[in-house]
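**Student:** A single structure is presented below for examination.
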4 protein chains.
Amino acid sequence: MALLLVRDDREYLLERGERLETDLGILEVPEDAAAGEVVTTHLDEGFTVRELRGPDCFNHFERTGAPMMPRDVGLIMGHTGVSESDTVLDAGTGTGVLAAYMGRAGADVITYEQDAEFADVARENMELAGVDEQVDVRTGDVTENLDVGPVDVLTLDTEDAATVVEHAADLLTPGGCLAVYSPFVEQAREVARTARGVGLEGVETLETIQREMDFDDRGSRPSTAGVGHTGFLTFARRE
Amino acid sequence: MALLLVRDDREYLLERGERLETDLGILEVPEDAAAGEVVTTHLDEGFTVRELRGPDCFNHFERTGAPMMPRDVGLIMGHTGVSESDTVLDAGTGTGVLAAYMGRAGADVITYEQDAEFADVARENMELAGVDEQVDVRTGDVTENLDVGPVDVLTLDTEDAATVVEHAADLLTPGGCLAVYSPFVEQAREVARTARGVGLEGVETLETIQREMDFDDRGSRPSTAGVGHTGFLTFARRE
Amino acid sequence: MALLLVRDDREYLLERGERLETDLGILEVPEDAAAGEVVTTHLDEGFTVRELRGPDCFNHFERTGAPMMPRDVGLIMGHTGVSESDTVLDAGTGTGVLAAYMGRAGADVITYEQDAEFADVARENMELAGVDEQVDVRTGDVTENLDVGPVDVLTLDTEDAATVVEHAADLLTPGGCLAVYSPFVEQAREVARTARGVGLEGVETLETIQREMDFDDRGSRPSTAGVGHTGFLTFARRE
Amino acid sequence: MALLLVRDDREYLLERGERLETDLGILEVPEDAAAGEVVTTHLDEGFTVRELRGPDCFNHFERTGAPMMPRDVGLIMGHTGVSESDTVLDAGTGTGVLAAYMGRAGADVITYEQDAEFADVARENMELAGVDEQVDVRTGDVTENLDVGPVDVLTLDTEDAATVVEHAADLLTPGGCLAVYSPFVEQAREVARTARGVGLEGVETLETIQREMDFDDRGSRPSTAGVGHTGFLTFARRE
């Protein structure tokens with residue numbers, strides 16, 4: 001697992017042994033660096049060492065597109081209860097934020113990414129997050145790889161998610177949970193329809209609006225900036 | 001960990017060895033019952049055995065008040081990244097859904113509940129969820145027990161959360177995350193003010209509106225039923 | 001125009017000269033009753049006379065379905081600017097709340113209702129609201145009556161609104177405004193597509209979420225009750 | 001009333017007889033210009049003449065601050081039912097968009113603006129909208145001018161709205177409506193508390209979230225851009 005070296009607004013995600021030229025001098029991360037220690041540059045400027053947490057994955061992973069936001073990752077984890085010793089089949093790895101979170105919660109995750117270069121980046125991201133043993137990033141199309149044993153959780157962030165949902169009843173263990181992220185209404189509708197069609201229970205599509213509150217001397221109010229739509233989340237369970 | 005015995009709309013959360021009279025006959029859970037097996041009543045009616053998942057905690061825990069909803073649990077997990085090997089200090093256990101989720105994700109949780117009876121119920125709930133080794137439910141007021149070593153995550157669902165937040169910089173490890181659930185604007189405002197006052201970073205208070213989508217033959221639309229407010233969530237990190 | 005006779009939680013919408021048996025005695029509305037006066041029952045119980053306002057139309061009109069809510073009526077008036085001396089073509093009269101509001105703002109409204117009984121009720125409602133001279137409720141299908149002169153505003157609350165929108169460029173004066181109420185996404189999408197197709201400007205579909213705030217001794221928060229979806233509103237103008 | 005001269009994306013709000021140099025030549029508005037006509041520049045470029053509508057007030061009024069948005073104007077009109085022959089007392093004129101809309105709906109409006117320069121601009125805006133006979137813009141503090149006869153509607157967009165609401169029961173006719181626009185929770189709370197304290201009925205504070213829908217070839221979804229908070233609206237009526 002990589003480490004964060006932090007000082008005021010500067011945050012660098014570095015591997016042990018890595019060396020970085022900064023405006024405060026050259027920073028070398030000792031092989032035995034541990035969270036809480038201070039590492040100094042050759043100009044004697046100190047950086048605090050931190051372990052990576054989930055939200056840091058969102059902020060520091062190399063991106064191959066817009067990564068899933070912590071709120072959507074969290075909603076998927078809350079509604080599926082991904083946890084230690086779970087097996088998860090994930091498709092549409094992208095940057096890998098969701099996969100990393102699930103790996104960090106102790107789940108064994110197989111995740112499919114069709115774009116070979118994106119998959120390479122995702123693999124590096126899993127190493128940075130220290131979950132490369134938990135998360136197996138496979139290059140390929142999940143729809144051609146549905147002969148996996150039953151999994152506890154199936155998470156999909158792909159355009160053709162409905163094609164996979166057709167097989168969800170076979171892919172999931174009894175009580176297992178499905179979560180699908182769909183930017184568009186039409187996709188969410190098709191996913192929900194398919195989930196009901198294959199006999200899944202508790203099918204629901206949720207839309208989430210999250211706003212920041214502004215607190216200042218004049219008073220309290222929801223932000224005037226507005227937070228936009230991300231995606232619809234469809235959840236279901238195998239009976 | 002207890003097991004769910006499921007048949008159509010019936011779901012019973014039972015311990016191994018437990019016996020329940022149902023309208024379909026007497027159900028006895030074998031000591032060696034395993035997920036996926038079918039257990040039959042003395043009238044030969046079958047129930048499928050399932051392991052408990054996070055959302056089942058919300059549905060089946062004995063309640064001592066309105067438990068935190070999966071969406072809010074998930075948002076807290078998404079924004080704090082609670083994961084394996086984390087240490088968590090939690091206050092306002094209540095029914096214990098949040099604590100159970102965090103325990104299930106591999107964290108070591110100490111949680112304070114002032115009401116002794118509620119704490120007893122929460123302890124039983126942790127046993128049902130199989131996380132009684134991970135989650136230490138303590139009866140008492142967290143504000144009198146702040147001499148704990150630094151923790152990775154501090155989660156608060158108490159009226160006087162701001163009193164604890166005053167100590168958050170000492171309670172958290174560098175990079176550690178704070179999450180506070182506040183039903184009212186005034187509480188959230190006070191929490192955010194206090195968090196800024198003690199030097200926490202990235203202080204933000206979020207409000208979440210979640211709606212279900214209705215998909216039927218006439219078309220697609222957000223539910224006309226409406227989903228109400230639960231709470232404001234304030235997040236911050238120690239630098 | 002009918003009058004409201006009001007006492008505490010009792011509110012009766014009555015015509016001048018009308019007689020009503022109430023639990024507080026028989027109430028007879030004098031022909032010369034005027035707002036602000038008190039009318040007494042034969043048991044000498046007083047009721048205050050009020051003139052009808054817009055929101056009273058929503059509360060007191062005889063209903064032939066779910067009437068459009070004041071918020072949606074208001075949004076339509078705000079986004080189209082319906083005002084004195086405007087001419088309006090309206091379709092899908094229903095209970096007639098929107099038509100009555102527009103009439104009360106001084107517009108000349110022609111409104112089509114396909115169901116003859118509903119149209120009769122709407123006509124009575126216009127009389128109650130004192131706008132029967134402003135609002136001409138016609139029984140029939142607006143799509144068969146599109147040979148009207150150009151109007152300032154075109155308001156549609158019908159399933160086949162898109163069929164009318166196809167003619168909107170001919171129906172509207174330059175700068176004239178279109179407003180369409182659509183419960184479902186698919187309808188709103190079709191309306192917006194059609195409006196763009198016939199060259200209308202500023203086409204936008206808005207969704208509105210309105211929540212009540214709860215203020216009590218514990219603090220301030222959005223209502224936990226939730227307010228559901230009503231409809232999508234699509235607005236556009238003829239250049 | 002001023003006229004809009006429109007051509008493609010160009011829209012000029014001009015008085016009859018006014019002369020404007022444009023990039024398409026000099027535009028002179030004939031004294032007898034009428035809606036629907038085409039006026040040509042000295043370079044023979046045509047502009048269509050339009051009458052001003054409500055939304056044009058929002059777009060073309062000279063601004064002395066952020067004007068109230070058409071959605072909030074509309075919600076106030078929907079919830080109060082402002083209409084022909086109503087008398088309205090308004091405070092916090094600002095740019096005057098709300099006052100102009102109410103005047104256009106036929107109401108007689110007295111509106112107070114403390115800033116003398118802002119009041120001058122508002123007066124010019126009322127002339128542009130052709131409602132200078134309906135809307136009397138007075139320079140001053142409404143709290144020092146509460147000896148007006150009862151009005152049908154009282155609309156407030158001022159920081160100290162609660163001070164005026166204390167007198168609302170005297171200011172309003174029976175059944176008359178109060179509407180207060182408050183950017184902050186604390187203001188809205190104080191207004192609602194005061195309204196209840198002076199015996200107004202049906203006191204409710206509403207918050208409105210309005211989002212635009214994006215319809216494109218990929219599908220339909222709420223805008224990812226987000227629309228921010230404007231203000232809380234508190235409504236109440238005198239019994």
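Note on naming: chains are A, B, ... as they come in the structure tokens, residues start from 1 per chain, ligands start from 1 in the order shown.
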Taking 6 positions as the minimum chain separation for residues in the same chain, which residues sit within 9 Å of segment 6-18 of chain B when counting only C-alpha atoms? Answer as a list in words.
**Tutor:**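 Residues near the query, excluding close chain neighbours: Glu239 of chain A; Leu27, Glu28, Val29, Pro30, Glu31, Asp32, Ala33, Gly46, Phe47, Thr48, Val49, Arg50, Leu52, Asp56, His60, Phe61 and Leu128 of chain B.
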**Student:** Next, dump the selected residues to file, keeping only C-alpha atoms, as a tab-separated table (two decimals), in the first residue's frame.
**Tutor:**
chain	number	residue	atom	x	y	z
A	239	GLU	CA	-34.57	-14.62	-2.75
B	27	LEU	CA	-38.92	-24.78	12.69
B	28	GLU	CA	-35.74	-26.00	14.38
B	29	VAL	CA	-32.43	-24.64	13.19
B	30	PRO	CA	-29.76	-27.40	13.18
B	31	GLU	CA	-26.50	-26.52	14.95
B	32	ASP	CA	-24.69	-27.13	11.68
B	33	ALA	CA	-27.08	-25.26	9.41
B	46	GLY	CA	-38.96	-25.82	3.58
B	47	PHE	CA	-37.14	-22.63	4.53
B	48	THR	CA	-33.91	-21.56	2.86
B	49	VAL	CA	-31.00	-20.70	5.13
B	50	ARG	CA	-29.26	-17.39	4.47
B	52	LEU	CA	-27.20	-12.15	7.44
B	56	ASP	CA	-30.86	-7.52	7.12
B	60	HIS	CA	-34.26	-7.66	11.68
B	61	PHE	CA	-32.42	-6.07	14.58
B	128	LEU	CA	-27.00	-11.79	15.89
**Student:** Using 12 Å as the limit and counting only C-alpha atoms, can you tabulate each residue of chain A that touches chain C, with its shortest atom-to-atom distance in Å and the two atoms involved, as JSON lines?
**Tutor:**
{"residue": "A:Phe184", "atom": "CA", "partner": "C:Val185", "partner_atom": "CA", "distance": 11.1}
{"residue": "A:Val185", "atom": "CA", "partner": "C:Val185", "partner_atom": "CA", "distance": 8.3}
{"residue": "A:Glu186", "atom": "CA", "partner": "C:Glu186", "partner_atom": "CA", "distance": 9.1}
{"residue": "A:Arg189", "atom": "CA", "partner": "C:Val185", "partner_atom": "CA", "distance": 11.2}
{"residue": "A:Ile209", "atom": "CA", "partner": "C:Ile209", "partner_atom": "CA", "distance": 10.5}
{"residue": "A:Ser220", "atom": "CA", "partner": "C:Ser220", "partner_atom": "CA", "distance": 10.4}
{"residue": "A:Arg221", "atom": "CA", "partner": "C:Arg221", "partner_atom": "CA", "distance": 11.0}
{"residue": "A:Pro222", "atom": "CA", "partner": "C:Pro222", "partner_atom": "CA", "distance": 11.2}
**Student:** Can you pull out every residue from segment 25-237 of chain A that DSSP, working from the backbone, puts in strand (DSSP E or B), and format the result as a VMD selection string?
**Tutor:** chain A and resid 25 to 28 38 to 40 46 to 51 87 to 91 108 to 113 135 to 139 151 to 156 172 to 182 201 to 216 219 to 222 232 to 237
**Student:** Kindly provide the residues of segment 200-222 of chain D that approach segment 229-236 of chain D to within 8 Å, each paired with its closest atom pair and their distance in Å to one decimal, based on only C-alpha atoms, listed by chain and increasing number, as a Markdown table.
**Tutor:**
| residue | atom | partner | partner_atom | distance |
| --- | --- | --- | --- | --- |
| D:Leu200 | CA | D:Ala236 | CA | 6.1 |
| D:Glu201 | CA | D:Ala236 | CA | 5.7 |
| D:Gly202 | CA | D:Ala236 | CA | 5.2 |
| D:Val203 | CA | D:Ala236 | CA | 4.3 |
| D:Glu204 | CA | D:Phe235 | CA | 5.4 |
| D:Thr205 | CA | D:Thr234 | CA | 4.1 |
| D:Leu206 | CA | D:Leu233 | CA | 5.2 |
| D:Glu207 | CA | D:Phe232 | CA | 5.0 |
| D:Thr208 | CA | D:Phe232 | CA | 7.4 |
| D:Ile209 | CA | D:His229 | CA | 6.8 |
**Student:** Show which residues sit within 7 Å of Leu75 of chain B, as a list of chain:residue names. Count only C-alpha atoms, and ignore same-chain residues fewer than 5 positions away.
**Tutor:**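 Within the cut-off, the hits are A:Arg71, A:Gly74, A:Leu75.
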**Student:** Can you pull out every residue from segment 141-218 of chain D that DSSP, working from the backbone, puts in alpha helix (DSSP H), and format the result as a list in words?
**Tutor:** Ala161, Ala162, Thr163, Val164, Val165, Ala168, Ala169, Asp170, Leu171, Val185, Glu186, Gln187, Ala188, Arg189, Glu190, Val191, Ala192, Arg193, Thr194, Ala195, Arg196 and Gly197 of chain D
**Student:** Write out as a ChimeraX atom specification the residues lying within 9 Å of Gln134 of chain C, counting only C-alpha atoms and excluding same-chain residues fewer than 5 positions away.
**Tutor:** /C:100,102-104,106-110,126
**Student:** Please produce a file of the residues just selected, as a PDB file, in the first residue's frame, where the atoms kept are N, CA, C and O atoms.
**Tutor:**
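The file below, result_28.pdb, is the result:
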ATOM      1  N   ALA C 100     -58.701  28.673 -13.811  1.00  0.00           N
ATOM      2  CA  ALA C 100     -59.265  29.686 -12.914  1.00  0.00           C
ATOM      3  C   ALA C 100     -58.199  30.694 -12.490  1.00  0.00           C
ATOM      4  O   ALA C 100     -58.442  31.909 -12.471  1.00  0.00           O
ATOM      5  N   MET C 102     -55.544  31.534 -14.124  1.00  0.00           N
ATOM      6  CA  MET C 102     -55.189  32.399 -15.265  1.00  0.00           C
ATOM      7  C   MET C 102     -56.298  33.406 -15.521  1.00  0.00           C
ATOM      8  O   MET C 102     -56.034  34.575 -15.814  1.00  0.00           O
ATOM      9  N   GLY C 103     -57.541  32.963 -15.389  1.00  0.00           N
ATOM     10  CA  GLY C 103     -58.662  33.883 -15.531  1.00  0.00           C
ATOM     11  C   GLY C 103     -58.621  34.967 -14.464  1.00  0.00           C
ATOM     12  O   GLY C 103     -58.877  36.142 -14.733  1.00  0.00           O
ATOM     13  N   ARG C 104     -58.303  34.579 -13.243  1.00  0.00           N
ATOM     14  CA  ARG C 104     -58.241  35.550 -12.151  1.00  0.00           C
ATOM     15  C   ARG C 104     -57.114  36.570 -12.359  1.00  0.00           C
ATOM     16  O   ARG C 104     -57.182  37.683 -11.833  1.00  0.00           O
ATOM     17  N   GLY C 106     -56.563  37.844 -15.142  1.00  0.00           N
ATOM     18  CA  GLY C 106     -57.016  38.738 -16.186  1.00  0.00           C
ATOM     19  C   GLY C 106     -56.898  38.208 -17.598  1.00  0.00           C
ATOM     20  O   GLY C 106     -57.200  38.915 -18.558  1.00  0.00           O
ATOM     21  N   ALA C 107     -56.480  36.967 -17.752  1.00  0.00           N
ATOM     22  CA  ALA C 107     -56.322  36.424 -19.100  1.00  0.00           C
ATOM     23  C   ALA C 107     -57.652  35.912 -19.633  1.00  0.00           C
ATOM     24  O   ALA C 107     -58.530  35.512 -18.869  1.00  0.00           O
ATOM     25  N   ASP C 108     -57.788  35.931 -20.964  1.00  0.00           N
ATOM     26  CA  ASP C 108     -58.931  35.304 -21.633  1.00  0.00           C
ATOM     27  C   ASP C 108     -58.524  33.896 -22.019  1.00  0.00           C
ATOM     28  O   ASP C 108     -57.611  33.708 -22.833  1.00  0.00           O
ATOM     29  N   VAL C 109     -59.202  32.908 -21.446  1.00  0.00           N
ATOM     30  CA  VAL C 109     -58.772  31.520 -21.573  1.00  0.00           C
ATOM     31  C   VAL C 109     -59.822  30.696 -22.302  1.00  0.00           C
ATOM     32  O   VAL C 109     -61.004  30.749 -21.957  1.00  0.00           O
ATOM     33  N   ILE C 110     -59.362  29.967 -23.313  1.00  0.00           N
ATOM     34  CA  ILE C 110     -60.201  28.920 -23.899  1.00  0.00           C
ATOM     35  C   ILE C 110     -59.590  27.595 -23.447  1.00  0.00           C
ATOM     36  O   ILE C 110     -58.397  27.366 -23.640  1.00  0.00           O
ATOM     37  N   MET C 126     -65.739  27.460 -12.598  1.00  0.00           N
ATOM     38  CA  MET C 126     -65.404  28.803 -13.094  1.00  0.00           C
ATOM     39  C   MET C 126     -66.412  29.829 -12.565  1.00  0.00           C
ATOM     40  O   MET C 126     -66.048  30.954 -12.217  1.00  0.00           O
TER      41      MET C 126
END
